[in-house]
$ cat protein.cif   # mmCIF, C-alpha atoms and all ligand atoms
data_input
loop_
_atom_site.label_atom_id
_atom_site.label_comp_id
_atom_site.auth_asym_id
_atom_site.auth_seq_id
_atom_site.Cartn_x
_atom_site.Cartn_y
_atom_site.Cartn_z
CA MET O 12 -11.24 15.73 -1.23
CA ALA O 13 -13.63 12.99 -2.14
CA ARG O 14 -14.13 9.43 -1.09
CA LEU O 15 -13.56 6.76 -3.71
CA THR O 16 -15.15 3.33 -4.10
CA ILE O 17 -12.97 0.52 -2.75
CA ILE O 18 -13.05 -2.52 -4.99
CA LYS O 19 -13.43 -5.89 -3.33
CA SER O 20 -11.52 -9.13 -3.74
CA ASP O 21 -14.18 -10.62 -6.05
CA ASN O 22 -13.54 -7.89 -8.65
CA PRO O 23 -11.05 -9.22 -11.26
CA LEU O 24 -9.31 -5.82 -11.34
CA ILE O 25 -7.80 -6.54 -7.92
CA ARG O 26 -5.59 -9.22 -9.53
CA LYS O 27 -4.07 -6.89 -12.17
CA HIS O 28 -0.48 -5.73 -12.09
CA SER O 29 -0.06 -1.99 -11.68
CA LYS O 30 2.19 0.17 -13.87
CA GLU O 31 4.91 2.59 -12.84
CA VAL O 32 3.79 6.17 -12.17
CA ASP O 33 5.50 8.67 -14.48
CA ASP O 34 3.18 11.69 -14.20
CA PHE O 35 3.57 13.61 -10.93
CA SER O 36 0.98 16.24 -11.82
CA PRO O 37 -1.77 17.84 -9.72
CA HIS O 38 -4.03 15.03 -10.95
CA LEU O 39 -1.85 12.53 -9.06
CA HIS O 40 -1.91 14.72 -5.95
CA GLU O 41 -5.70 14.87 -6.02
CA LEU O 42 -5.89 11.12 -6.41
CA LEU O 43 -3.52 10.58 -3.45
CA ASP O 44 -5.57 13.01 -1.34
CA ASN O 45 -8.73 11.09 -2.21
CA MET O 46 -7.06 7.74 -1.46
CA GLN O 47 -6.05 9.09 1.96
CA GLU O 48 -9.58 10.27 2.73
CA THR O 49 -10.99 6.92 1.56
CA MET O 50 -8.54 4.97 3.73
CA LEU O 51 -9.10 7.07 6.85
CA HIS O 52 -12.89 6.96 6.47
CA ALA O 53 -12.71 3.16 6.24
CA ASN O 54 -10.41 2.99 9.31
CA GLY O 55 -7.65 1.39 7.24
CA VAL O 56 -3.89 1.80 7.66
CA GLY O 57 -3.03 1.37 3.99
CA ILE O 58 -4.57 1.60 0.54
CA ALA O 59 -3.09 0.89 -2.88
CA GLY O 60 -4.09 2.45 -6.21
CA VAL O 61 -5.57 -0.77 -7.52
CA GLN O 62 -8.02 -0.82 -4.60
CA VAL O 63 -9.66 2.30 -6.01
CA GLY O 64 -9.38 0.98 -9.57
CA VAL O 65 -6.22 2.92 -10.48
CA LEU O 66 -3.60 0.52 -11.82
CA TYR O 67 -0.51 2.51 -10.87
CA ARG O 68 2.20 1.58 -8.38
CA MET O 69 1.31 3.83 -5.49
CA ALA O 70 -0.07 3.48 -1.98
CA VAL O 71 -0.94 5.61 1.01
CA LEU O 72 0.11 4.24 4.39
CA LEU O 73 -0.90 5.42 7.85
CA THR O 74 2.33 4.61 9.68
CA GLU O 75 3.04 4.69 13.40
CA GLU O 76 6.47 6.26 12.88
CA TYR O 77 5.95 8.79 10.08
CA GLY O 78 2.19 9.41 9.97
CA ILE O 79 0.79 9.48 6.44
CA LEU O 80 3.36 8.14 3.99
CA GLU O 81 2.78 8.07 0.23
CA ILE O 82 4.92 5.51 -1.56
CA ILE O 83 5.10 5.70 -5.34
CA ASN O 84 7.06 3.20 -7.47
CA PRO O 85 8.43 1.57 -4.29
CA ARG O 86 11.34 -0.85 -4.27
CA ILE O 87 12.47 -2.92 -1.29
CA ILE O 88 16.15 -2.34 -0.52
CA SER O 89 16.29 -4.73 2.41
CA ALA O 90 13.77 -6.87 4.30
CA THR O 91 14.52 -8.84 7.48
CA ARG O 92 12.91 -10.05 10.74
CA ASN O 93 10.31 -12.37 9.23
CA LYS O 94 7.46 -12.80 11.70
CA ILE O 95 3.81 -13.78 11.72
CA ALA O 96 1.19 -11.11 12.42
CA THR O 97 -2.54 -10.72 11.87
CA GLU O 98 -3.67 -8.71 8.83
CA GLY O 99 -6.87 -7.54 7.24
CA CYS O 100 -7.61 -5.64 4.04
CA LEU O 101 -10.16 -3.02 2.98
CA SER O 102 -10.84 -5.18 -0.09
CA CYS O 103 -11.57 -8.27 2.03
CA PRO O 104 -14.10 -7.05 4.61
CA GLY O 105 -14.71 -9.35 7.56
CA ILE O 106 -11.59 -11.44 6.95
CA SER O 107 -8.41 -11.43 9.01
CA GLY O 108 -5.61 -13.92 9.17
CA ARG O 109 -2.01 -14.62 10.06
CA VAL O 110 0.66 -13.80 7.50
CA ARG O 111 4.45 -14.14 7.67
CA ARG O 112 6.29 -11.05 6.46
CA PRO O 113 9.42 -9.00 7.12
CA HIS O 114 9.04 -6.67 10.11
CA LEU O 115 12.04 -4.53 9.22
CA VAL O 116 12.02 -3.09 5.72
CA THR O 117 13.97 -0.39 3.97
CA VAL O 118 12.08 0.91 0.97
CA GLU O 119 13.07 3.35 -1.75
CA PHE O 120 10.22 5.20 -3.44
CA GLN O 121 9.21 8.49 -5.00
CA ASP O 122 7.09 11.05 -3.20
CA ARG O 123 4.14 12.87 -4.83
CA ASN O 124 6.57 15.29 -6.50
CA GLY O 125 8.65 12.50 -7.99
CA VAL O 126 11.53 13.01 -5.54
CA LYS O 127 13.37 9.83 -4.49
CA GLN O 128 13.09 8.98 -0.79
CA THR O 129 14.30 6.11 1.39
CA LYS O 130 12.66 5.07 4.65
CA THR O 131 13.11 2.24 7.12
CA LEU O 132 9.83 0.82 8.39
CA ARG O 133 9.43 -1.35 11.47
CA GLY O 134 6.77 -3.64 12.91
CA ARG O 135 3.23 -2.88 11.74
CA ASP O 136 4.55 -0.22 9.37
CA ALA O 137 6.78 -2.77 7.64
CA VAL O 138 3.88 -5.25 7.40
CA CYS O 139 1.64 -2.57 5.91
CA CYS O 140 4.30 -1.65 3.32
CA GLY O 141 4.68 -5.29 2.25
CA HIS O 142 0.89 -5.76 2.11
CA GLU O 143 0.38 -2.67 -0.08
CA MET O 144 3.29 -3.56 -2.36
CA ASP O 145 1.71 -7.00 -2.88
CA HIS O 146 -1.45 -5.22 -4.10
CA MET O 147 0.66 -3.63 -6.86
CA ASP O 148 1.30 -7.14 -8.20
CA GLY O 149 -2.26 -8.40 -7.77
CA VAL O 150 -1.46 -10.36 -4.60
CA LEU O 151 -3.83 -10.41 -1.60
CA PHE O 152 -2.99 -11.28 2.00
CA ILE O 153 -5.49 -14.15 1.84
CA ASP O 154 -3.10 -15.81 -0.67
CA LYS O 155 -0.46 -15.92 2.09
CA MET O 156 -2.64 -16.74 5.10
CA GLN O 157 -1.53 -19.54 7.39
CA ASN O 158 -3.04 -21.17 10.48
CO CO O 201 -5.11 -4.72 1.33
#
$ encode --input "protein.cif" --output "structure tokens"
Amino acid sequence: MARLTIIKSDNPLIRKHSKEVDDFSPHLHELLDNMQETMLHANGVGIAGVQVGVLYRMAVLLTEEYGILEIINPRIISATRNKIATEGCLSCPGISGRVRRPHLVTVEFQDRNGVKQTKTLRGRDAVCCGHEMDHMDGVLFIDKMQN
């Protein structure tokens, strides 16, 4: 495994929309392994492809309920329990702020082998999922921050 460079919010790439993943090859697995190592080394709980300059719809989450969860081509099936919680982002060092998001989310996605999965995420895990999915559309938590 290798650590990757995390791009910051002042890099225009961070605002790009990511494309669907259609190649579930060993190359993807290596990339996901490297994203995980990069996230853990930075003490993050989530990292999206775009944050390491890879414009594909995938993210690695460190969840409380399931441990490491890789979500590829995710789609929200249901999202409820909107609440405000404090967030930060590996691409926005030194910044944290309050964001309103669903705290109960059911998400359908593909795993690293392209197999469809469905998971229900709660609390911080749900927030993390929403945050990482925003990255796939070029959206940062600072866009949604409130007082
Ligand atoms: Co982030």
$ closest_residue --input "protein.cif" --among "O:Pro104, O:Pro37, O:Gly64, O:Gly134" --to "ligand CO 201 (chain O)" --atoms "all atoms listed in the file"
O:Pro104
$ atom_distance --input "protein.cif" --atom1 "CA of Val71 in chain O" --atom2 "CA of Ile58 in chain O"
5.4 Å
$ residues_near_ligand --input "protein.cif" --ligand "ligand CO 201 (chain O)" --cutoff "10 Å" --atoms "all atoms listed in the file" --output "MDAnalysis selection string"
chainID O and resid 19:20 25 55:59 61:62 98:104 139 141:146 150:153
$ atom_distance --input "protein.cif" --atom1 "CA of Val118 in chain O" --atom2 "CA of Gly105 in chain O"
29.4 Å
$ closest_residue --input "protein.cif" --among "O:Gly125, O:Gly149, O:Gly60, O:Gly108" --to "Leu43 in chain O" --atoms "all atoms listed in the file"
O:Gly60
$ atom_distance --input "protein.cif" --atom1 "CA of Arg112 in chain O" --atom2 "CA of Thr74 in chain O"
16.5 Å
$ decode --input "protein.cif" --residues "range 21-130 of chain O" --atoms "C-alpha atoms" --output "PDB file, in the first residue's frame"
ATOM      1  CA  ASP O  21      -8.175  25.479  -3.241  1.00  0.00           C
ATOM      2  CA  ASN O  22      -7.401  22.968  -6.021  1.00  0.00           C
ATOM      3  CA  PRO O  23     -10.013  23.356  -8.811  1.00  0.00           C
ATOM      4  CA  LEU O  24     -10.134  19.556  -9.235  1.00  0.00           C
ATOM      5  CA  ILE O  25     -12.055  19.279  -5.958  1.00  0.00           C
ATOM      6  CA  ARG O  26     -15.072  20.921  -7.669  1.00  0.00           C
ATOM      7  CA  LYS O  27     -15.251  18.412 -10.559  1.00  0.00           C
ATOM      8  CA  HIS O  28     -18.009  15.847 -10.912  1.00  0.00           C
ATOM      9  CA  SER O  29     -16.826  12.253 -10.724  1.00  0.00           C
ATOM     10  CA  LYS O  30     -17.770   9.553 -13.242  1.00  0.00           C
ATOM     11  CA  GLU O  31     -19.281   6.136 -12.615  1.00  0.00           C
ATOM     12  CA  VAL O  32     -16.798   3.314 -12.001  1.00  0.00           C
ATOM     13  CA  ASP O  33     -17.100   0.537 -14.593  1.00  0.00           C
ATOM     14  CA  ASP O  34     -13.753  -1.246 -14.208  1.00  0.00           C
ATOM     15  CA  PHE O  35     -13.533  -3.432 -11.091  1.00  0.00           C
ATOM     16  CA  SER O  36     -10.012  -4.645 -11.828  1.00  0.00           C
ATOM     17  CA  PRO O  37      -7.005  -5.128  -9.527  1.00  0.00           C
ATOM     18  CA  HIS O  38      -6.071  -1.536 -10.385  1.00  0.00           C
ATOM     19  CA  LEU O  39      -9.242  -0.351  -8.620  1.00  0.00           C
ATOM     20  CA  HIS O  40      -8.488  -2.577  -5.627  1.00  0.00           C
ATOM     21  CA  GLU O  41      -5.002  -1.119  -5.299  1.00  0.00           C
ATOM     22  CA  LEU O  42      -6.399   2.388  -5.493  1.00  0.00           C
ATOM     23  CA  LEU O  43      -8.985   1.628  -2.779  1.00  0.00           C
ATOM     24  CA  ASP O  44      -6.264   0.097  -0.577  1.00  0.00           C
ATOM     25  CA  ASN O  45      -4.162   3.236  -1.024  1.00  0.00           C
ATOM     26  CA  MET O  46      -7.146   5.498  -0.292  1.00  0.00           C
ATOM     27  CA  GLN O  47      -7.746   3.555   2.931  1.00  0.00           C
ATOM     28  CA  GLU O  48      -4.117   3.904   4.012  1.00  0.00           C
ATOM     29  CA  THR O  49      -4.181   7.618   3.155  1.00  0.00           C
ATOM     30  CA  MET O  50      -7.384   8.174   5.143  1.00  0.00           C
ATOM     31  CA  LEU O  51      -6.222   6.235   8.205  1.00  0.00           C
ATOM     32  CA  HIS O  52      -2.824   7.951   8.234  1.00  0.00           C
ATOM     33  CA  ALA O  53      -4.581  11.333   8.164  1.00  0.00           C
ATOM     34  CA  ASN O  54      -6.961  10.251  10.976  1.00  0.00           C
ATOM     35  CA  GLY O  55      -9.974  10.728   8.712  1.00  0.00           C
ATOM     36  CA  VAL O  56     -13.219   8.751   8.710  1.00  0.00           C
ATOM     37  CA  GLY O  57     -13.904   9.099   4.993  1.00  0.00           C
ATOM     38  CA  ILE O  58     -12.155   9.828   1.718  1.00  0.00           C
ATOM     39  CA  ALA O  59     -13.532  10.151  -1.797  1.00  0.00           C
ATOM     40  CA  GLY O  60     -11.717   9.455  -5.072  1.00  0.00           C
ATOM     41  CA  VAL O  61     -11.653  13.101  -6.071  1.00  0.00           C
ATOM     42  CA  GLN O  62      -9.684  13.911  -2.907  1.00  0.00           C
ATOM     43  CA  VAL O  63      -6.774  11.902  -4.286  1.00  0.00           C
ATOM     44  CA  GLY O  64      -7.314  13.286  -7.793  1.00  0.00           C
ATOM     45  CA  VAL O  65      -9.272  10.294  -9.116  1.00  0.00           C
ATOM     46  CA  LEU O  66     -12.554  11.480 -10.608  1.00  0.00           C
ATOM     47  CA  TYR O  67     -14.572   8.309 -10.089  1.00  0.00           C
ATOM     48  CA  ARG O  68     -17.595   7.794  -7.856  1.00  0.00           C
ATOM     49  CA  MET O  69     -16.059   5.886  -4.994  1.00  0.00           C
ATOM     50  CA  ALA O  70     -15.232   6.471  -1.349  1.00  0.00           C
ATOM     51  CA  VAL O  71     -13.761   4.644   1.612  1.00  0.00           C
ATOM     52  CA  LEU O  72     -15.550   5.151   4.931  1.00  0.00           C
ATOM     53  CA  LEU O  73     -14.392   4.206   8.417  1.00  0.00           C
ATOM     54  CA  THR O  74     -17.795   3.429   9.926  1.00  0.00           C
ATOM     55  CA  GLU O  75     -18.680   2.737  13.547  1.00  0.00           C
ATOM     56  CA  GLU O  76     -21.071  -0.078  12.599  1.00  0.00           C
ATOM     57  CA  TYR O  77     -19.309  -1.900   9.756  1.00  0.00           C
ATOM     58  CA  GLY O  78     -15.652  -0.878  10.010  1.00  0.00           C
ATOM     59  CA  ILE O  79     -14.085  -0.050   6.646  1.00  0.00           C
ATOM     60  CA  LEU O  80     -16.791   0.309   4.001  1.00  0.00           C
ATOM     61  CA  GLU O  81     -16.018   0.931   0.329  1.00  0.00           C
ATOM     62  CA  ILE O  82     -18.902   2.512  -1.548  1.00  0.00           C
ATOM     63  CA  ILE O  83     -18.697   2.590  -5.334  1.00  0.00           C
ATOM     64  CA  ASN O  84     -21.364   4.217  -7.534  1.00  0.00           C
ATOM     65  CA  PRO O  85     -23.530   4.848  -4.442  1.00  0.00           C
ATOM     66  CA  ARG O  86     -27.190   5.815  -4.619  1.00  0.00           C
ATOM     67  CA  ILE O  87     -29.307   6.951  -1.680  1.00  0.00           C
ATOM     68  CA  ILE O  88     -32.441   4.819  -1.333  1.00  0.00           C
ATOM     69  CA  SER O  89     -33.805   6.670   1.683  1.00  0.00           C
ATOM     70  CA  ALA O  90     -32.585   9.486   3.919  1.00  0.00           C
ATOM     71  CA  THR O  91     -34.338  10.683   7.090  1.00  0.00           C
ATOM     72  CA  ARG O  92     -33.644  12.161  10.558  1.00  0.00           C
ATOM     73  CA  ASN O  93     -32.169  15.479   9.445  1.00  0.00           C
ATOM     74  CA  LYS O  94     -29.969  16.848  12.214  1.00  0.00           C
ATOM     75  CA  ILE O  95     -27.089  19.264  12.663  1.00  0.00           C
ATOM     76  CA  ALA O  96     -23.644  17.882  13.513  1.00  0.00           C
ATOM     77  CA  THR O  97     -20.073  19.137  13.337  1.00  0.00           C
ATOM     78  CA  GLU O  98     -17.971  18.062  10.346  1.00  0.00           C
ATOM     79  CA  GLY O  99     -14.466  18.472   9.050  1.00  0.00           C
ATOM     80  CA  CYS O 100     -12.749  17.347   5.859  1.00  0.00           C
ATOM     81  CA  LEU O 101      -9.262  16.136   4.950  1.00  0.00           C
ATOM     82  CA  SER O 102      -9.330  18.642   2.069  1.00  0.00           C
ATOM     83  CA  CYS O 103     -10.146  21.559   4.402  1.00  0.00           C
ATOM     84  CA  PRO O 104      -7.536  21.288   7.174  1.00  0.00           C
ATOM     85  CA  GLY O 105      -8.185  23.364  10.272  1.00  0.00           C
ATOM     86  CA  ILE O 106     -11.849  24.004   9.436  1.00  0.00           C
ATOM     87  CA  SER O 107     -14.862  22.486  11.149  1.00  0.00           C
ATOM     88  CA  GLY O 108     -18.466  23.548  11.135  1.00  0.00           C
ATOM     89  CA  ARG O 109     -22.072  22.602  11.666  1.00  0.00           C
ATOM     90  CA  VAL O 110     -23.941  20.966   8.804  1.00  0.00           C
ATOM     91  CA  ARG O 111     -27.519  19.671   8.590  1.00  0.00           C
ATOM     92  CA  ARG O 112     -27.778  16.211   7.051  1.00  0.00           C
ATOM     93  CA  PRO O 113     -29.781  12.991   7.282  1.00  0.00           C
ATOM     94  CA  HIS O 114     -28.668  10.789  10.187  1.00  0.00           C
ATOM     95  CA  LEU O 115     -30.397   7.671   8.881  1.00  0.00           C
ATOM     96  CA  VAL O 116     -29.505   6.682   5.338  1.00  0.00           C
ATOM     97  CA  THR O 117     -29.991   3.576   3.269  1.00  0.00           C
ATOM     98  CA  VAL O 118     -27.506   3.450   0.423  1.00  0.00           C
ATOM     99  CA  GLU O 119     -27.157   1.073  -2.493  1.00  0.00           C
ATOM    100  CA  PHE O 120     -23.668   0.734  -3.964  1.00  0.00           C
ATOM    101  CA  GLN O 121     -21.240  -1.681  -5.560  1.00  0.00           C
ATOM    102  CA  ASP O 122     -18.375  -3.262  -3.664  1.00  0.00           C
ATOM    103  CA  ARG O 123     -14.820  -3.534  -5.059  1.00  0.00           C
ATOM    104  CA  ASN O 124     -15.855  -6.592  -7.090  1.00  0.00           C
ATOM    105  CA  GLY O 125     -18.813  -4.810  -8.662  1.00  0.00           C
ATOM    106  CA  VAL O 126     -21.374  -6.688  -6.547  1.00  0.00           C
ATOM    107  CA  LYS O 127     -24.469  -4.672  -5.551  1.00  0.00           C
ATOM    108  CA  GLN O 128     -24.853  -4.108  -1.808  1.00  0.00           C
ATOM    109  CA  THR O 129     -27.331  -2.215   0.361  1.00  0.00           C
ATOM    110  CA  LYS O 130     -26.534  -0.870   3.825  1.00  0.00           C
TER     111      LYS O 130
END
